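Below: the structure, in structure tokens.
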Amino acid sequence: MSYLLRLVMPDRPGILGAVATALGTAGIDIVSLDVLERGTGVAVDDVVVDLPPDRLPDSLITVAQSVPDVRVESLRPFAGPLDTHRELELLEALARAGGNPPDPEMAAKLLAAELPRVFHSGWAVVLDCGDGGWSVRSASEAAPSFDGVTLPWMPLTGARLLPSDEDWLPERWREMAIEMMAAPYGGDACAVVMGRSGGPAFRRSELLRLVHLIGIASTVTHLPPA
């Protein structure tokens, strides 16, 4: 069984190696590592690990936090293929959708389907925004229904984090502790929304990464700037 650990630790030489040693000694294999943040003396990393069948998930927290000053921010099961080149593959697929003539519908479907894999999140939705309000253009399989949901931040004029404690969230979304972030995409203040249930909250570095990726996606699919 694979799990995704989000680790918060001091940004100093050797500490990640100490975590890797602790996990290895416990028979836990590190499959991949994504660096989310570095700065102000703190590092935040997402680590995918394989847990032996005879070990409980909580043991991952115990082992990781046995290294001084290391904190496990979240632990959740990790499913789906692991691909260290997932961003490049998405951009290559978007470039094909941006051929002559471009296929904006295919581009929206690709973003909704593939962005969750890029960001280790649960789902993604592409929203359209016009004179009559907004509508869902494309959504991944795990996305919650947006029908009847009021989105006071639409039309979206800039990227933003949408934490699970905001007042506008429906009660059912609050119960699921849905964390979200959104970035403009496709002009006319349309948006890409990404979410995960039960956390962890998206970080500013993830939001900036989404903005950068969406900007490239807009270019390769010949869409107007947001």
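Ordering of the structure tokens sets the chain letters (A, B, ...); residue numbers start at 1 within each chain; ligands are numbered from 1 in the order shown.
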
Please return as a PDB file with all heavy atoms, in the first residue's frame: the residues of region 122-205 of chain A that backbone DSSP assigns to alpha helix (DSSP H).
ATOM      1  N   GLU A 171     -22.373  23.168   3.565  1.00  0.00           N
ATOM      2  CA  GLU A 171     -22.146  22.381   4.771  1.00  0.00           C
ATOM      3  C   GLU A 171     -21.540  21.020   4.452  1.00  0.00           C
ATOM      4  O   GLU A 171     -20.657  20.543   5.166  1.00  0.00           O
ATOM      5  CB  GLU A 171     -23.470  22.194   5.520  1.00  0.00           C
ATOM      6  CG  GLU A 171     -23.333  21.432   6.840  1.00  0.00           C
ATOM      7  CD  GLU A 171     -22.437  22.161   7.838  1.00  0.00           C
ATOM      8  OE1 GLU A 171     -22.389  23.406   7.811  1.00  0.00           O
ATOM      9  OE2 GLU A 171     -21.795  21.465   8.647  1.00  0.00           O
ATOM     10  N   ARG A 172     -21.992  20.399   3.375  1.00  0.00           N
ATOM     11  CA  ARG A 172     -21.465  19.058   3.037  1.00  0.00           C
ATOM     12  C   ARG A 172     -19.986  19.138   2.669  1.00  0.00           C
ATOM     13  O   ARG A 172     -19.236  18.197   2.911  1.00  0.00           O
ATOM     14  CB  ARG A 172     -22.282  18.444   1.905  1.00  0.00           C
ATOM     15  CG  ARG A 172     -22.198  19.167   0.578  1.00  0.00           C
ATOM     16  CD  ARG A 172     -23.096  18.503  -0.456  1.00  0.00           C
ATOM     17  NE  ARG A 172     -23.000  19.114  -1.781  1.00  0.00           N
ATOM     18  CZ  ARG A 172     -23.651  20.193  -2.151  1.00  0.00           C
ATOM     19  NH1 ARG A 172     -24.456  20.809  -1.276  1.00  0.00           N
ATOM     20  NH2 ARG A 172     -23.529  20.683  -3.374  1.00  0.00           N
ATOM     21  N   TRP A 173     -19.562  20.256   2.084  1.00  0.00           N
ATOM     22  CA  TRP A 173     -18.155  20.420   1.762  1.00  0.00           C
ATOM     23  C   TRP A 173     -17.339  20.666   3.024  1.00  0.00           C
ATOM     24  O   TRP A 173     -16.204  20.213   3.137  1.00  0.00           O
ATOM     25  CB  TRP A 173     -17.960  21.572   0.772  1.00  0.00           C
ATOM     26  CG  TRP A 173     -18.474  21.282  -0.605  1.00  0.00           C
ATOM     27  CD1 TRP A 173     -19.327  20.284  -0.966  1.00  0.00           C
ATOM     28  CD2 TRP A 173     -18.166  22.006  -1.794  1.00  0.00           C
ATOM     29  NE1 TRP A 173     -19.589  20.345  -2.306  1.00  0.00           N
ATOM     30  CE2 TRP A 173     -18.892  21.385  -2.851  1.00  0.00           C
ATOM     31  CE3 TRP A 173     -17.381  23.115  -2.085  1.00  0.00           C
ATOM     32  CZ2 TRP A 173     -18.821  21.852  -4.163  1.00  0.00           C
ATOM     33  CZ3 TRP A 173     -17.314  23.572  -3.393  1.00  0.00           C
ATOM     34  CH2 TRP A 173     -18.026  22.944  -4.418  1.00  0.00           C
ATOM     35  N   ARG A 174     -17.927  21.374   3.976  1.00  0.00           N
ATOM     36  CA  ARG A 174     -17.243  21.597   5.258  1.00  0.00           C
ATOM     37  C   ARG A 174     -17.045  20.271   5.981  1.00  0.00           C
ATOM     38  O   ARG A 174     -16.000  20.020   6.585  1.00  0.00           O
ATOM     39  CB  ARG A 174     -18.051  22.546   6.136  1.00  0.00           C
ATOM     40  CG  ARG A 174     -18.032  24.008   5.683  1.00  0.00           C
ATOM     41  CD  ARG A 174     -18.986  24.811   6.563  1.00  0.00           C
ATOM     42  NE  ARG A 174     -18.931  26.212   6.251  1.00  0.00           N
ATOM     43  CZ  ARG A 174     -18.111  27.072   6.840  1.00  0.00           C
ATOM     44  NH1 ARG A 174     -17.280  26.646   7.770  1.00  0.00           N
ATOM     45  NH2 ARG A 174     -18.116  28.357   6.517  1.00  0.00           N
ATOM     46  N   GLU A 175     -18.072  19.422   5.957  1.00  0.00           N
ATOM     47  CA  GLU A 175     -17.977  18.125   6.620  1.00  0.00           C
ATOM     48  C   GLU A 175     -16.874  17.267   6.015  1.00  0.00           C
ATOM     49  O   GLU A 175     -16.243  16.469   6.720  1.00  0.00           O
ATOM     50  CB  GLU A 175     -19.319  17.401   6.531  1.00  0.00           C
ATOM     51  CG  GLU A 175     -20.427  18.060   7.347  1.00  0.00           C
ATOM     52  CD  GLU A 175     -21.774  17.427   7.101  1.00  0.00           C
ATOM     53  OE1 GLU A 175     -21.856  16.536   6.209  1.00  0.00           O
ATOM     54  OE2 GLU A 175     -22.750  17.809   7.774  1.00  0.00           O
ATOM     55  N   ARG A 204       0.961  28.092  -0.569  1.00  0.00           N
ATOM     56  CA  ARG A 204       1.172  29.154  -1.541  1.00  0.00           C
ATOM     57  C   ARG A 204       2.069  28.688  -2.693  1.00  0.00           C
ATOM     58  O   ARG A 204       1.860  29.053  -3.849  1.00  0.00           O
ATOM     59  CB  ARG A 204       1.805  30.368  -0.848  1.00  0.00           C
ATOM     60  CG  ARG A 204       1.774  31.637  -1.669  1.00  0.00           C
ATOM     61  CD  ARG A 204       0.395  32.237  -1.656  1.00  0.00           C
ATOM     62  NE  ARG A 204       0.287  33.383  -2.531  1.00  0.00           N
ATOM     63  CZ  ARG A 204      -0.848  33.991  -2.815  1.00  0.00           C
ATOM     64  NH1 ARG A 204      -1.974  33.543  -2.285  1.00  0.00           N
ATOM     65  NH2 ARG A 204      -0.892  35.033  -3.619  1.00  0.00           N
ATOM     66  N   SER A 205       3.042  27.860  -2.385  1.00  0.00           N
ATOM     67  CA  SER A 205       3.940  27.363  -3.425  1.00  0.00           C
ATOM     68  C   SER A 205       3.185  26.513  -4.442  1.00  0.00           C
ATOM     69  O   SER A 205       3.480  26.545  -5.644  1.00  0.00           O
ATOM     70  CB  SER A 205       5.085  26.556  -2.802  1.00  0.00           C
ATOM     71  OG  SER A 205       4.571  25.464  -2.051  1.00  0.00           O
TER      72      SER A 205
END

Residue list (strand (DSSP E), DSSP) for region 30-212 of chain A, as a ChimeraX atom specification: /A:30-39,42-50,71-77,123-130,133-139,160-162,178-184,191-197

Residue neighbourhood region 26-43 of chain A, 6 Å, only C-alpha atoms, exclusion window fewer than 3 positions, as a VMD selection string: chain A and resid 8 to 11 23 46 to 51

Preceding selection exported with C-alpha atoms as a short mmCIF file (atom, residue, chain, number, x, y, z; two decimals), in the first residue's frame:
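Result went into result-v4.cif, see below:
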data_model
loop_
_atom_site.label_atom_id
_atom_site.label_comp_id
_atom_site.auth_asym_id
_atom_site.auth_seq_id
_atom_site.Cartn_x
_atom_site.Cartn_y
_atom_site.Cartn_z
CA VAL A 8 7.49 19.88 7.64
CA MET A 9 11.06 20.12 8.86
CA PRO A 10 13.94 22.54 9.40
CA ASP A 11 15.69 23.42 6.16
CA LEU A 23 12.06 4.96 7.10
CA ASP A 46 5.64 15.41 -0.15
CA VAL A 47 7.00 11.86 0.13
CA VAL A 48 5.30 8.81 -1.42
CA VAL A 49 6.21 5.60 0.40
CA ASP A 50 5.35 1.90 0.15
CA LEU A 51 4.21 0.44 3.47
#

Among the residues A:Leu115, A:Ala108, A:Ala22, A:Val70, the one that comes closest to Leu90 (chain A) [using only C-alpha atoms]: A:Leu115

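Reported to one decimal place, the separation of CA of Val149 (chain A) from CA of Asp103 (chain A) is 28.3 Å.
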
Residue contacts of Pro155 (chain A) (9 Å, only C-alpha atoms) excluding same-chain residues fewer than 3 positions away, as a count of residues only: 11

Met180 (chain A) environment, 8 Å, only C-alpha atoms, sequence neighbours closer than 6 positions dropped, as number ranges by chain: A: 161-164, 193-196, 201-202

Dump as a PDB file, in the first residue's frame, selection limited to all heavy atoms:
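Output file out-v3.pdb is given in full below:
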ATOM      1  N   LEU A 161      -6.117  30.858  -2.777  1.00  0.00           N
ATOM      2  CA  LEU A 161      -6.346  29.676  -1.961  1.00  0.00           C
ATOM      3  C   LEU A 161      -7.768  29.734  -1.422  1.00  0.00           C
ATOM      4  O   LEU A 161      -8.272  30.812  -1.073  1.00  0.00           O
ATOM      5  CB  LEU A 161      -5.339  29.624  -0.812  1.00  0.00           C
ATOM      6  CG  LEU A 161      -3.870  29.511  -1.211  1.00  0.00           C
ATOM      7  CD1 LEU A 161      -2.971  29.694   0.004  1.00  0.00           C
ATOM      8  CD2 LEU A 161      -3.590  28.165  -1.877  1.00  0.00           C
ATOM      9  N   LEU A 162      -8.412  28.559  -1.319  1.00  0.00           N
ATOM     10  CA  LEU A 162      -9.793  28.474  -0.841  1.00  0.00           C
ATOM     11  C   LEU A 162      -9.845  27.456   0.296  1.00  0.00           C
ATOM     12  O   LEU A 162     -10.199  26.294   0.094  1.00  0.00           O
ATOM     13  CB  LEU A 162     -10.719  28.058  -1.985  1.00  0.00           C
ATOM     14  CG  LEU A 162     -10.739  28.994  -3.197  1.00  0.00           C
ATOM     15  CD1 LEU A 162     -11.426  28.318  -4.384  1.00  0.00           C
ATOM     16  CD2 LEU A 162     -11.431  30.298  -2.850  1.00  0.00           C
ATOM     17  N   PRO A 163      -9.470  27.881   1.505  1.00  0.00           N
ATOM     18  CA  PRO A 163      -9.406  26.934   2.630  1.00  0.00           C
ATOM     19  C   PRO A 163     -10.778  26.443   3.062  1.00  0.00           C
ATOM     20  O   PRO A 163     -11.811  27.051   2.761  1.00  0.00           O
ATOM     21  CB  PRO A 163      -8.725  27.755   3.735  1.00  0.00           C
ATOM     22  CG  PRO A 163      -8.961  29.179   3.373  1.00  0.00           C
ATOM     23  CD  PRO A 163      -9.025  29.231   1.877  1.00  0.00           C
ATOM     24  N   SER A 164     -10.790  25.340   3.803  1.00  0.00           N
ATOM     25  CA  SER A 164     -12.027  24.639   4.151  1.00  0.00           C
ATOM     26  C   SER A 164     -12.852  25.353   5.205  1.00  0.00           C
ATOM     27  O   SER A 164     -13.957  24.910   5.510  1.00  0.00           O
ATOM     28  CB  SER A 164     -11.702  23.226   4.638  1.00  0.00           C
ATOM     29  OG  SER A 164     -10.851  23.268   5.773  1.00  0.00           O
ATOM     30  N   VAL A 193     -10.238  24.949 -10.814  1.00  0.00           N
ATOM     31  CA  VAL A 193     -10.344  24.757  -9.368  1.00  0.00           C
ATOM     32  C   VAL A 193      -9.833  23.357  -9.042  1.00  0.00           C
ATOM     33  O   VAL A 193     -10.219  22.389  -9.689  1.00  0.00           O
ATOM     34  CB  VAL A 193     -11.794  24.909  -8.876  1.00  0.00           C
ATOM     35  CG1 VAL A 193     -11.857  24.801  -7.358  1.00  0.00           C
ATOM     36  CG2 VAL A 193     -12.390  26.222  -9.352  1.00  0.00           C
ATOM     37  N   MET A 194      -8.965  23.278  -8.031  1.00  0.00           N
ATOM     38  CA  MET A 194      -8.446  21.991  -7.585  1.00  0.00           C
ATOM     39  C   MET A 194      -8.807  21.785  -6.124  1.00  0.00           C
ATOM     40  O   MET A 194      -8.862  22.747  -5.348  1.00  0.00           O
ATOM     41  CB  MET A 194      -6.936  21.935  -7.759  1.00  0.00           C
ATOM     42  CG  MET A 194      -6.487  22.113  -9.195  1.00  0.00           C
ATOM     43  SD  MET A 194      -4.776  21.622  -9.398  1.00  0.00           S
ATOM     44  CE  MET A 194      -4.902  19.898  -8.916  1.00  0.00           C
ATOM     45  N   GLY A 195      -9.070  20.522  -5.747  1.00  0.00           N
ATOM     46  CA  GLY A 195      -9.457  20.262  -4.370  1.00  0.00           C
ATOM     47  C   GLY A 195      -8.982  18.916  -3.873  1.00  0.00           C
ATOM     48  O   GLY A 195      -8.652  18.012  -4.650  1.00  0.00           O
ATOM     49  N   ARG A 196      -8.943  18.810  -2.560  1.00  0.00           N
ATOM     50  CA  ARG A 196      -8.667  17.534  -1.900  1.00  0.00           C
ATOM     51  C   ARG A 196      -9.477  17.495  -0.607  1.00  0.00           C
ATOM     52  O   ARG A 196      -9.608  18.501   0.100  1.00  0.00           O
ATOM     53  CB  ARG A 196      -7.175  17.345  -1.631  1.00  0.00           C
ATOM     54  CG  ARG A 196      -6.488  18.433  -0.857  1.00  0.00           C
ATOM     55  CD  ARG A 196      -5.072  18.045  -0.423  1.00  0.00           C
ATOM     56  NE  ARG A 196      -4.108  17.966  -1.492  1.00  0.00           N
ATOM     57  CZ  ARG A 196      -3.088  18.819  -1.652  1.00  0.00           C
ATOM     58  NH1 ARG A 196      -2.927  19.836  -0.811  1.00  0.00           N
ATOM     59  NH2 ARG A 196      -2.237  18.678  -2.634  1.00  0.00           N
ATOM     60  N   ALA A 201      -4.127  21.381   3.547  1.00  0.00           N
ATOM     61  CA  ALA A 201      -4.418  22.602   2.827  1.00  0.00           C
ATOM     62  C   ALA A 201      -3.371  22.847   1.756  1.00  0.00           C
ATOM     63  O   ALA A 201      -2.202  22.487   1.910  1.00  0.00           O
ATOM     64  CB  ALA A 201      -4.459  23.780   3.803  1.00  0.00           C
ATOM     65  N   PHE A 202      -3.802  23.422   0.647  1.00  0.00           N
ATOM     66  CA  PHE A 202      -2.844  23.802  -0.385  1.00  0.00           C
ATOM     67  C   PHE A 202      -1.962  24.934   0.141  1.00  0.00           C
ATOM     68  O   PHE A 202      -2.422  25.823   0.861  1.00  0.00           O
ATOM     69  CB  PHE A 202      -3.574  24.262  -1.651  1.00  0.00           C
ATOM     70  CG  PHE A 202      -4.210  23.139  -2.419  1.00  0.00           C
ATOM     71  CD1 PHE A 202      -5.567  22.887  -2.307  1.00  0.00           C
ATOM     72  CD2 PHE A 202      -3.448  22.333  -3.242  1.00  0.00           C
ATOM     73  CE1 PHE A 202      -6.160  21.845  -3.011  1.00  0.00           C
ATOM     74  CE2 PHE A 202      -4.027  21.285  -3.950  1.00  0.00           C
ATOM     75  CZ  PHE A 202      -5.384  21.050  -3.830  1.00  0.00           C
TER      76      PHE A 202
END

From A:Ala177, A:Val136, A:Leu127, A:Val72, residue lying nearest Leu60 (chain A) [only C-alpha atoms]: A:Val72

Option closest in space to Asp45 (chain A), from A:Leu4, A:Glu114, A:Ser145, A:Pro13 [counting only C-alpha atoms]: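 The shortest atom-to-atom distance to Asp45 (chain A) comes from A:Leu4.
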